[in-house]
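Dumped start.csv below, it's CSV, C-alpha atoms and all ligand atoms:
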```csv
chain,number,residue,atom,x,y,z
A,8,MET,CA,29.6,-35.8,6.9
A,9,LYS,CA,29.3,-39.5,6.2
A,10,ALA,CA,26.2,-41.6,6.4
A,11,ALA,CA,25.3,-45.0,5.0
A,12,PRO,CA,23.5,-44.7,1.6
A,13,ASP,CA,20.5,-46.5,3.1
A,14,ALA,CA,20.3,-44.1,6.0
A,15,GLN,CA,20.4,-41.2,3.6
A,16,ARG,CA,17.5,-42.7,1.6
A,17,ARG,CA,15.5,-43.2,4.7
A,18,LEU,CA,15.7,-39.4,5.3
A,19,LEU,CA,13.2,-39.2,2.5
A,20,ASP,CA,10.7,-41.2,4.6
A,21,LEU,CA,11.3,-38.8,7.4
A,22,GLN,CA,10.9,-35.8,5.0
A,23,ALA,CA,7.6,-37.3,3.8
A,24,VAL,CA,6.2,-37.4,7.3
A,25,ASP,CA,7.5,-33.8,8.0
A,26,THR,CA,6.0,-32.6,4.8
A,27,ALA,CA,2.6,-34.1,5.8
A,28,LEU,CA,2.9,-32.4,9.2
A,29,ASN,CA,3.6,-29.1,7.5
A,30,GLN,CA,0.6,-29.5,5.3
A,31,LEU,CA,-1.6,-30.4,8.3
A,32,ALA,CA,-0.4,-27.3,10.2
A,33,HIS,CA,-1.1,-25.2,7.2
A,34,ARG,CA,-4.6,-26.7,6.8
A,35,ARG,CA,-5.3,-26.0,10.4
A,36,LYS,CA,-4.4,-22.3,9.9
A,37,SER,CA,-6.3,-21.9,6.7
A,38,LEU,CA,-9.6,-23.6,7.3
A,39,PRO,CA,-12.3,-21.7,5.4
A,40,GLU,CA,-14.4,-21.7,8.6
A,41,LEU,CA,-11.8,-19.4,10.2
A,42,SER,CA,-12.4,-16.5,7.7
A,43,GLU,CA,-16.1,-17.2,7.8
A,44,ILE,CA,-16.2,-16.9,11.6
A,45,GLU,CA,-14.2,-13.6,11.3
A,46,THR,CA,-16.5,-12.2,8.7
A,47,VAL,CA,-19.7,-13.1,10.6
A,48,SER,CA,-18.2,-11.8,13.9
A,49,ARG,CA,-17.6,-8.4,12.2
A,50,GLU,CA,-21.1,-8.5,10.9
A,51,ILE,CA,-22.4,-9.2,14.4
A,52,SER,CA,-20.4,-6.3,15.9
A,53,ALA,CA,-21.7,-3.9,13.2
A,54,LEU,CA,-25.3,-5.2,13.8
A,55,GLU,CA,-24.8,-4.7,17.6
A,56,ASP,CA,-24.0,-1.0,16.9
A,57,GLU,CA,-27.1,-0.7,14.8
A,58,ARG,CA,-29.2,-2.4,17.5
A,59,VAL,CA,-27.9,0.1,20.1
A,60,ARG,CA,-28.9,3.0,17.8
A,61,ALA,CA,-32.3,1.6,17.1
A,62,GLN,CA,-32.9,1.0,20.8
A,63,VAL,CA,-31.9,4.7,21.5
A,64,ALA,CA,-34.5,5.8,18.9
A,65,VAL,CA,-37.2,3.7,20.6
A,66,ASP,CA,-36.3,5.0,24.1
A,67,ASP,CA,-36.3,8.6,22.9
A,68,LEU,CA,-39.7,8.2,21.4
A,69,ASP,CA,-41.0,6.5,24.6
A,70,ARG,CA,-39.7,9.5,26.6
A,71,ASP,CA,-41.4,11.9,24.3
A,72,ILE,CA,-44.7,9.9,24.5
A,73,THR,CA,-44.5,9.9,28.3
A,74,ARG,CA,-44.1,13.7,28.3
A,75,PHE,CA,-47.1,14.1,26.0
A,76,GLU,CA,-49.2,11.9,28.2
A,77,LYS,CA,-48.3,14.0,31.2
A,78,ASP,CA,-49.3,17.1,29.4
A,79,ILE,CA,-52.6,15.6,28.3
A,80,ASP,CA,-53.3,14.5,31.9
A,81,GLN,CA,-52.7,18.1,33.1
A,82,VAL,CA,-55.1,19.4,30.5
A,83,ARG,CA,-57.7,16.8,31.5
A,84,THR,CA,-57.3,17.7,35.2
A,85,ARG,CA,-57.8,21.3,34.4
A,86,LYS,CA,-60.8,20.5,32.3
A,87,ASN,CA,-62.4,18.5,35.1
A,88,ARG,CA,-61.8,21.3,37.5
A,89,ASP,CA,-63.3,23.9,35.2
A,90,GLN,CA,-66.2,21.6,34.4
A,91,ALA,CA,-66.9,21.1,38.2
A,92,ARG,CA,-66.8,24.9,38.7
A,93,LEU,CA,-69.1,25.3,35.7
A,94,ASN,CA,-71.6,22.8,37.1
A,95,ALA,CA,-71.6,24.6,40.4
A,96,GLY,CA,-72.8,27.7,38.6
A,97,GLY,CA,-71.9,31.3,39.3
A,98,ALA,CA,-71.9,34.8,37.8
A,99,LEU,CA,-72.4,35.0,34.0
A,100,ARG,CA,-68.9,36.5,33.5
A,101,GLU,CA,-67.3,33.7,35.4
A,102,ILE,CA,-69.3,31.1,33.4
A,103,GLU,CA,-68.3,32.7,30.1
A,104,GLY,CA,-64.7,32.7,31.2
A,105,LEU,CA,-64.8,29.0,32.1
A,106,GLN,CA,-66.5,28.1,28.9
A,107,HIS,CA,-63.8,30.0,26.9
A,108,GLU,CA,-61.1,28.2,28.9
A,109,LEU,CA,-62.7,24.9,28.3
A,110,ALA,CA,-62.8,25.4,24.6
A,111,THR,CA,-59.1,26.4,24.6
A,112,LEU,CA,-58.3,23.3,26.7
A,113,ASN,CA,-60.2,21.0,24.3
A,114,ARG,CA,-58.3,22.4,21.3
A,115,ARG,CA,-55.1,21.9,23.3
A,116,GLN,CA,-55.9,18.3,24.2
A,117,SER,CA,-56.8,17.4,20.6
A,118,GLU,CA,-53.5,18.9,19.4
A,119,LEU,CA,-51.5,17.0,22.0
A,120,GLU,CA,-53.4,13.8,21.2
A,121,ASP,CA,-52.7,14.2,17.5
A,122,ALA,CA,-49.0,14.8,18.2
A,123,GLU,CA,-48.9,11.8,20.5
A,124,LEU,CA,-50.5,9.5,17.9
A,125,GLU,CA,-47.9,10.6,15.4
A,126,LEU,CA,-45.2,9.7,17.9
A,127,MET,CA,-46.8,6.3,18.6
A,128,GLU,CA,-46.8,5.5,14.9
A,129,LYS,CA,-43.1,6.5,14.7
A,130,ARG,CA,-42.4,4.3,17.7
A,131,GLU,CA,-44.1,1.4,16.1
A,132,SER,CA,-41.9,1.6,13.0
A,133,ALA,CA,-38.8,2.2,15.2
A,134,GLU,CA,-39.6,-0.9,17.2
A,135,GLN,CA,-40.1,-2.9,13.9
A,136,THR,CA,-36.6,-1.7,12.8
A,137,LEU,CA,-35.2,-2.8,16.2
A,138,ASN,CA,-36.8,-6.2,16.0
A,139,GLU,CA,-35.6,-6.7,12.5
A,140,ILE,CA,-32.0,-6.0,13.6
A,141,LYS,CA,-32.4,-8.4,16.6
A,142,LYS,CA,-33.5,-11.1,14.2
A,143,ARG,CA,-30.5,-10.5,12.0
A,144,ILE,CA,-28.2,-10.7,15.0
A,145,ALA,CA,-29.8,-14.0,16.1
A,146,ARG,CA,-29.4,-15.4,12.5
A,147,SER,CA,-25.7,-14.3,12.4
A,148,ILE,CA,-25.0,-15.8,15.8
A,149,GLU,CA,-26.5,-19.1,14.6
A,150,ARG,CA,-24.3,-19.0,11.5
A,151,ARG,CA,-21.2,-18.3,13.5
A,152,ALA,CA,-22.0,-21.2,15.9
A,153,ALA,CA,-22.5,-23.5,13.0
A,154,ALA,CA,-19.1,-22.4,11.5
A,155,GLU,CA,-17.5,-22.8,14.9
A,156,ALA,CA,-18.8,-26.3,15.2
A,157,ARG,CA,-17.5,-27.2,11.7
A,158,ARG,CA,-14.1,-25.6,12.6
A,159,ASP,CA,-13.9,-27.7,15.8
A,160,GLU,CA,-14.7,-30.8,13.9
A,161,ALA,CA,-12.1,-30.2,11.2
A,162,THR,CA,-9.5,-29.2,13.9
A,163,ALA,CA,-10.1,-32.3,15.9
A,164,GLU,CA,-9.6,-34.4,12.7
A,165,ILE,CA,-6.4,-32.5,11.9
A,166,THR,CA,-5.2,-33.0,15.5
A,167,LYS,CA,-5.8,-36.8,15.2
A,168,GLU,CA,-3.8,-36.9,11.9
A,169,GLN,CA,-1.0,-34.8,13.5
A,170,GLU,CA,-0.8,-37.2,16.5
A,171,PHE,CA,-0.7,-40.2,14.1
A,172,LYS,CA,2.1,-38.6,12.0
A,173,THR,CA,4.1,-37.5,15.0
A,174,GLN,CA,3.9,-41.0,16.4
A,175,SER,CA,5.1,-42.5,13.1
A,176,ARG,CA,8.0,-40.0,13.0
A,177,ALA,CA,9.6,-40.9,16.2
A,178,PRO,CA,10.8,-44.4,15.3
A,179,LEU,CA,12.0,-43.2,11.8
A,180,ALA,CA,14.2,-40.5,13.4
A,181,ALA,CA,15.4,-42.9,16.2
A,182,ASP,CA,16.6,-45.3,13.5
A,183,LEU,CA,18.9,-42.8,11.8
A,184,PRO,CA,22.3,-41.5,12.8
A,185,GLN,CA,21.9,-38.7,15.3
A,186,ASP,CA,24.2,-36.2,13.5
A,187,LEU,CA,22.4,-36.8,10.2
A,188,VAL,CA,19.0,-36.1,11.7
A,189,GLN,CA,20.4,-33.0,13.5
A,190,LEU,CA,21.7,-31.6,10.2
A,191,TYR,CA,18.4,-32.5,8.4
A,192,ASP,CA,16.4,-30.8,11.2
A,193,LYS,CA,18.5,-27.7,11.0
A,194,ILE,CA,18.1,-27.3,7.3
A,195,ARG,CA,14.4,-28.1,7.5
A,196,ALA,CA,13.8,-25.5,10.3
A,197,ASP,CA,15.4,-22.9,7.9
A,198,THR,CA,13.7,-23.9,4.7
A,199,GLY,CA,10.8,-26.3,5.5
A,200,LEU,CA,12.6,-29.1,3.5
A,201,GLY,CA,15.7,-30.9,4.9
A,202,ALA,CA,16.4,-33.5,2.3
A,203,ALA,CA,15.3,-34.0,-1.4
A,204,LEU,CA,15.8,-36.7,-4.0
A,205,VAL,CA,18.0,-35.8,-6.9
A,206,ARG,CA,15.8,-36.8,-10.0
A,207,ALA,CA,17.0,-36.8,-13.6
A,208,GLY,CA,20.0,-34.6,-12.7
A,209,ARG,CA,17.9,-32.0,-10.8
A,210,CYS,CA,17.9,-31.1,-7.1
A,211,GLY,CA,14.5,-32.0,-5.7
A,212,GLY,CA,14.6,-29.0,-3.3
A,213,CYS,CA,15.2,-26.1,-5.7
A,214,ARG,CA,14.7,-28.0,-9.0
A,215,ILE,CA,17.9,-26.6,-10.4
A,216,GLU,CA,19.7,-28.8,-12.9
A,217,LEU,CA,23.2,-29.9,-11.9
A,218,TYR,CA,25.9,-29.2,-14.5
A,219,GLY,CA,29.6,-28.7,-15.0
A,220,ALA,CA,31.8,-28.9,-12.0
A,221,ASP,CA,28.9,-29.1,-9.6
A,222,LEU,CA,27.5,-32.2,-11.5
A,223,ASN,CA,30.9,-33.7,-11.3
A,224,ARG,CA,31.2,-33.0,-7.6
A,225,VAL,CA,27.9,-34.8,-6.9
A,226,LYS,CA,28.7,-37.7,-9.4
A,227,GLY,CA,32.2,-38.1,-7.9
A,228,ALA,CA,31.1,-38.1,-4.2
A,229,PRO,CA,31.3,-41.5,-2.5
A,230,ALA,CA,27.9,-43.1,-1.8
A,231,ASP,CA,28.3,-42.6,1.9
A,232,GLU,CA,29.1,-38.9,1.6
A,233,VAL,CA,26.3,-36.6,2.6
A,234,VAL,CA,26.1,-34.2,-0.4
A,235,ARG,CA,24.4,-30.8,-0.2
A,236,CYS,CA,23.0,-28.6,-3.0
A,237,GLU,CA,25.1,-25.6,-3.8
A,238,GLU,CA,22.0,-23.6,-4.4
A,239,CYS,CA,19.5,-24.5,-1.7
A,240,ARG,CA,21.9,-26.2,0.8
A,241,ARG,CA,19.5,-29.2,1.2
A,242,ILE,CA,20.8,-32.7,1.6
A,243,MET,CA,20.7,-34.3,-1.9
A,244,ILE,CA,19.6,-38.0,-1.8
A,245,ARG,CA,21.0,-40.0,-4.6
A,246,THR,CA,19.3,-43.1,-6.0
A,247,GLN,CA,18.9,-44.9,-9.3
A,248,GLU,CA,16.4,-42.2,-10.3
A,249,SER,CA,19.0,-39.5,-9.9
A,250,GLY,CA,20.4,-39.8,-13.4
A,251,LEU,CA,24.0,-39.4,-12.3
B,1,ZN,ZN,18.8,-27.4,-4.4
```
If you took the structure in this file and wrote it as C-alpha cells, what would it be?
Ligand SMILES: [Zn+2]
Amino acid sequence: MKAAPDAQRRLLDLQAVDTALNQLAHRRKSLPELSEIETVSREISALEDERVRAQVAVDDLDRDITRFEKDIDQVRTRKNRDQARLNAGGALREIEGLQHELATLNRRQSELEDAELELMEKRESAEQTLNEIKKRIARSIERRAAAEARRDEATAEITKEQEFKTQSRAPLAADLPQDLVQLYDKIRADTGLGAALVRAGRCGGCRIELYGADLNRVKGAPADEVVRCEECRRIMIRTQESGL
C-alpha cells in the first residue's frame, strides 16, 4: 500500500487518541469502587442470612414464651377456682384435697414463671444480637451507597473524556486516506495498536530491533510505502527519530 509520508505520520496522532480511548475504557472497568461495591454487596448478603437466622431465634423464643404464658394462665384459673371452692367451705376431706392441690399448683406456677423468666432473658440477648446485625447491615448499605456515588461520579468523568476524545478522533480519521485508516483499524482491532513509530531502529509496537535483511527492507522502502513489522504486523512509521 502507498500513502504520503505525512499521512503515515498523522496515523500516530490517531493512534494517540485511540490509545487514550483504550485507557479510558480500561479505567472504567477497573475503578476501585467496583470491587468495593462487590465486596460490600457480598457482606450485605451474608449479613442478611445472619439477620434471618437471628430473627428466627427471636420468633422461636416468642412462641415458647407465649406457650408458657398460656400454661401459667391455666394454672391461675385453676387456682382461682380452687380458692373459690375453698372459700365456700365444705367437708374436711374436700378442703384438705383442695389445699393439697393449691400447694401443687403454686409450685407449678413458680416453676413455670422461673422457666419463662429464663426464656425472656434469652430473648433479650437474641434481640440484641438481631439489632446488632441490623445496624451492621445499615452501615454496609451506607458504605455501598457511598461507593456507588463515587463510581457514578468517576464514570461520568470518564464518559465526558471519552466523548471529547471520540469527537477529536473523527476529523483526524476523515483527513487520512480511507484505505490507510481501514488497514490501521483492522490491525488495531486485532492487537490494540495499529501504528507505531520506529525509534532508534526498533519497532515501536513489539520493541524488536530491526536487523539484517529486515532492516534493509525497511531502510530501502520508498517513503510513501506503507511498511509493516515482520514480527507484530503493525504499520511502522518512519521519521527522523527512526535511526534508519
Ligand atoms: Zn513490531
- Residues up to 10 Å from ligand ZN 1 (chain B), counting all atoms listed in the file: could you list those as a PyMOL selection string? chain A and resi 202-205+209-217+235-243
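Across A:Ala23, A:Ala11, A:Ala145, A:Ala32, the tightest approach to Leu54 in chain A is made by A:Ala145 when counting all atoms listed in the file.
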- Give the answer as one residue: which of A:Thr136, A:Leu21, A:Glu125, A:His107 has the shortest atom-to-atom distance to Val63 in chain A, using all atoms listed in the file? A:Thr136
- Query: What gap, in Å, lies between CA of Ile144 in chain A and CA of Ala156 in chain A?
  - Reply: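 So the answer is 18.2 Å.
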- Message: Give me the residues near range 85-99 of chain A as a PyMOL selection string, where near means some atom within 10 Å (using all atoms listed in the file) and where sequence neighbours in that chain fewer than 2 positions away do not count.
- Response: chain A and resi 79-83+101-106+108-113+116
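Among the candidate residues A:Leu179, A:Ile51, A:Val234, A:Ala61, the one lying nearest to Gln135 in chain A is A:Ala61, with distances computed using only C-alpha atoms.
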If you count all atoms listed in the file, which residues fall within 12 Å of Gln174 in chain A, apart from same-chain ones fewer than 6 positions away, as a JSON list (two decimals) with C-alpha atoms, in the frame of the given file?
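Produced file around_4.json, reproduced below:
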```json
[["chain", "number", "residue", "atom", "x", "y", "z"],
["A", 21, "LEU", "CA", 11.30, -38.80, 7.40],
["A", 24, "VAL", "CA", 6.20, -37.40, 7.30],
["A", 25, "ASP", "CA", 7.50, -33.80, 8.00],
["A", 28, "LEU", "CA", 2.90, -32.40, 9.20],
["A", 167, "LYS", "CA", -5.80, -36.80, 15.20],
["A", 168, "GLU", "CA", -3.80, -36.90, 11.90],
["A", 180, "ALA", "CA", 14.20, -40.50, 13.40],
["A", 181, "ALA", "CA", 15.40, -42.90, 16.20]]
```
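Distances from A:Ala230, A:Ile165, A:Ala133, A:Ala196 to Lys36 in chain A were compared using only C-alpha atoms, and the smallest one belongs to A:Ile165.
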- Message: Which residue is closest to Ala161 in chain A? Choose from A:Asp20, A:Glu149, A:Glu232, A:Glu40 and count all atoms listed in the file.
- Response: A:Glu40
- Task: Have a look at CA of Leu126 in chain A and CA of Val59 in chain A and let me know their distance in Å, one decimal.
- Result: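 CA of Leu126 in chain A sits 19.9 Å away from CA of Val59 in chain A.
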- Which is closest to Met127 in chain A among A:Asn29, A:Ser42, A:Thr73, A:Gln169, if we use all atoms listed in the file?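 The shortest atom-to-atom distance to Met127 in chain A comes from A:Thr73.
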- d(CA of Thr162 in chain A, CA of Ser37 in chain A) in Å: 10.7 Å
Just write range 212-244 of chain A with N, CA and C atoms, as a short mmCIF file (atom, residue, chain, number, x, y, z; two decimals), in the first residue's frame, taken from the block above.
```
data_model
loop_
_atom_site.label_atom_id
_atom_site.label_comp_id
_atom_site.auth_asym_id
_atom_site.auth_seq_id
_atom_site.Cartn_x
_atom_site.Cartn_y
_atom_site.Cartn_z
N GLY A 212 5.96 -1.08 18.16
CA GLY A 212 4.87 -1.97 18.58
C GLY A 212 5.38 -3.11 19.43
N CYS A 213 6.36 -3.84 18.91
CA CYS A 213 6.86 -5.02 19.62
C CYS A 213 8.24 -4.81 20.23
N ARG A 214 8.85 -3.65 19.97
CA ARG A 214 10.15 -3.27 20.54
C ARG A 214 11.31 -4.12 20.02
N ILE A 215 11.06 -4.89 19.00
CA ILE A 215 12.13 -5.74 18.46
C ILE A 215 13.01 -4.91 17.52
N GLU A 216 14.31 -5.09 17.69
CA GLU A 216 15.27 -4.33 16.89
C GLU A 216 15.33 -4.91 15.47
N LEU A 217 15.33 -4.01 14.52
CA LEU A 217 15.44 -4.45 13.12
C LEU A 217 16.90 -4.76 12.81
N TYR A 218 17.11 -5.83 12.05
CA TYR A 218 18.50 -6.11 11.64
C TYR A 218 18.49 -6.91 10.35
N GLY A 219 19.68 -6.98 9.76
CA GLY A 219 19.87 -7.81 8.57
C GLY A 219 18.96 -7.42 7.42
N ALA A 220 18.41 -8.44 6.80
CA ALA A 220 17.60 -8.24 5.61
C ALA A 220 16.36 -7.41 5.92
N ASP A 221 15.83 -7.61 7.12
CA ASP A 221 14.62 -6.89 7.51
C ASP A 221 14.91 -5.40 7.64
N LEU A 222 16.07 -5.07 8.25
CA LEU A 222 16.47 -3.68 8.39
C LEU A 222 16.64 -3.06 7.00
N ASN A 223 17.26 -3.82 6.10
CA ASN A 223 17.46 -3.33 4.74
C ASN A 223 16.14 -3.12 4.01
N ARG A 224 15.18 -4.02 4.29
CA ARG A 224 13.87 -3.90 3.66
C ARG A 224 13.21 -2.58 4.07
N VAL A 225 13.25 -2.28 5.36
CA VAL A 225 12.62 -1.06 5.87
C VAL A 225 13.37 0.18 5.37
N LYS A 226 14.70 0.09 5.46
CA LYS A 226 15.55 1.20 5.02
C LYS A 226 15.33 1.51 3.54
N GLY A 227 15.22 0.43 2.74
CA GLY A 227 15.14 0.59 1.30
C GLY A 227 13.76 0.94 0.80
N ALA A 228 12.74 0.84 1.69
CA ALA A 228 11.37 1.09 1.23
C ALA A 228 11.19 2.57 0.92
N PRO A 229 10.52 2.88 -0.20
CA PRO A 229 10.26 4.30 -0.51
C PRO A 229 9.45 4.94 0.62
N ALA A 230 9.59 6.27 0.75
CA ALA A 230 8.93 6.99 1.85
C ALA A 230 7.42 6.84 1.82
N ASP A 231 6.85 6.67 0.61
CA ASP A 231 5.39 6.57 0.52
C ASP A 231 4.89 5.13 0.57
N GLU A 232 5.80 4.20 0.87
CA GLU A 232 5.40 2.80 1.01
C GLU A 232 4.94 2.57 2.46
N VAL A 233 3.80 1.93 2.64
CA VAL A 233 3.34 1.60 4.00
C VAL A 233 4.03 0.31 4.41
N VAL A 234 4.97 0.44 5.37
CA VAL A 234 5.79 -0.71 5.77
C VAL A 234 5.24 -1.31 7.05
N ARG A 235 5.21 -2.67 7.08
CA ARG A 235 4.70 -3.31 8.29
C ARG A 235 5.78 -4.16 8.94
N CYS A 236 5.67 -4.29 10.26
CA CYS A 236 6.65 -5.06 11.02
C CYS A 236 6.48 -6.55 10.74
N GLU A 237 7.59 -7.25 10.52
CA GLU A 237 7.55 -8.69 10.26
C GLU A 237 7.07 -9.44 11.50
N GLU A 238 7.37 -8.89 12.67
CA GLU A 238 7.06 -9.58 13.93
C GLU A 238 5.62 -9.36 14.37
N CYS A 239 5.20 -8.08 14.45
CA CYS A 239 3.89 -7.78 15.04
C CYS A 239 2.88 -7.27 14.01
N ARG A 240 3.27 -7.15 12.76
CA ARG A 240 2.41 -6.77 11.66
C ARG A 240 1.89 -5.33 11.73
N ARG A 241 2.39 -4.55 12.68
CA ARG A 241 1.89 -3.18 12.79
C ARG A 241 2.51 -2.30 11.71
N ILE A 242 1.81 -1.20 11.43
CA ILE A 242 2.34 -0.23 10.47
C ILE A 242 3.50 0.50 11.14
N MET A 243 4.66 0.48 10.49
CA MET A 243 5.84 1.12 11.05
C MET A 243 5.96 2.53 10.48
N ILE A 244 5.89 3.52 11.34
CA ILE A 244 6.00 4.91 10.92
C ILE A 244 7.47 5.33 11.02
#
```
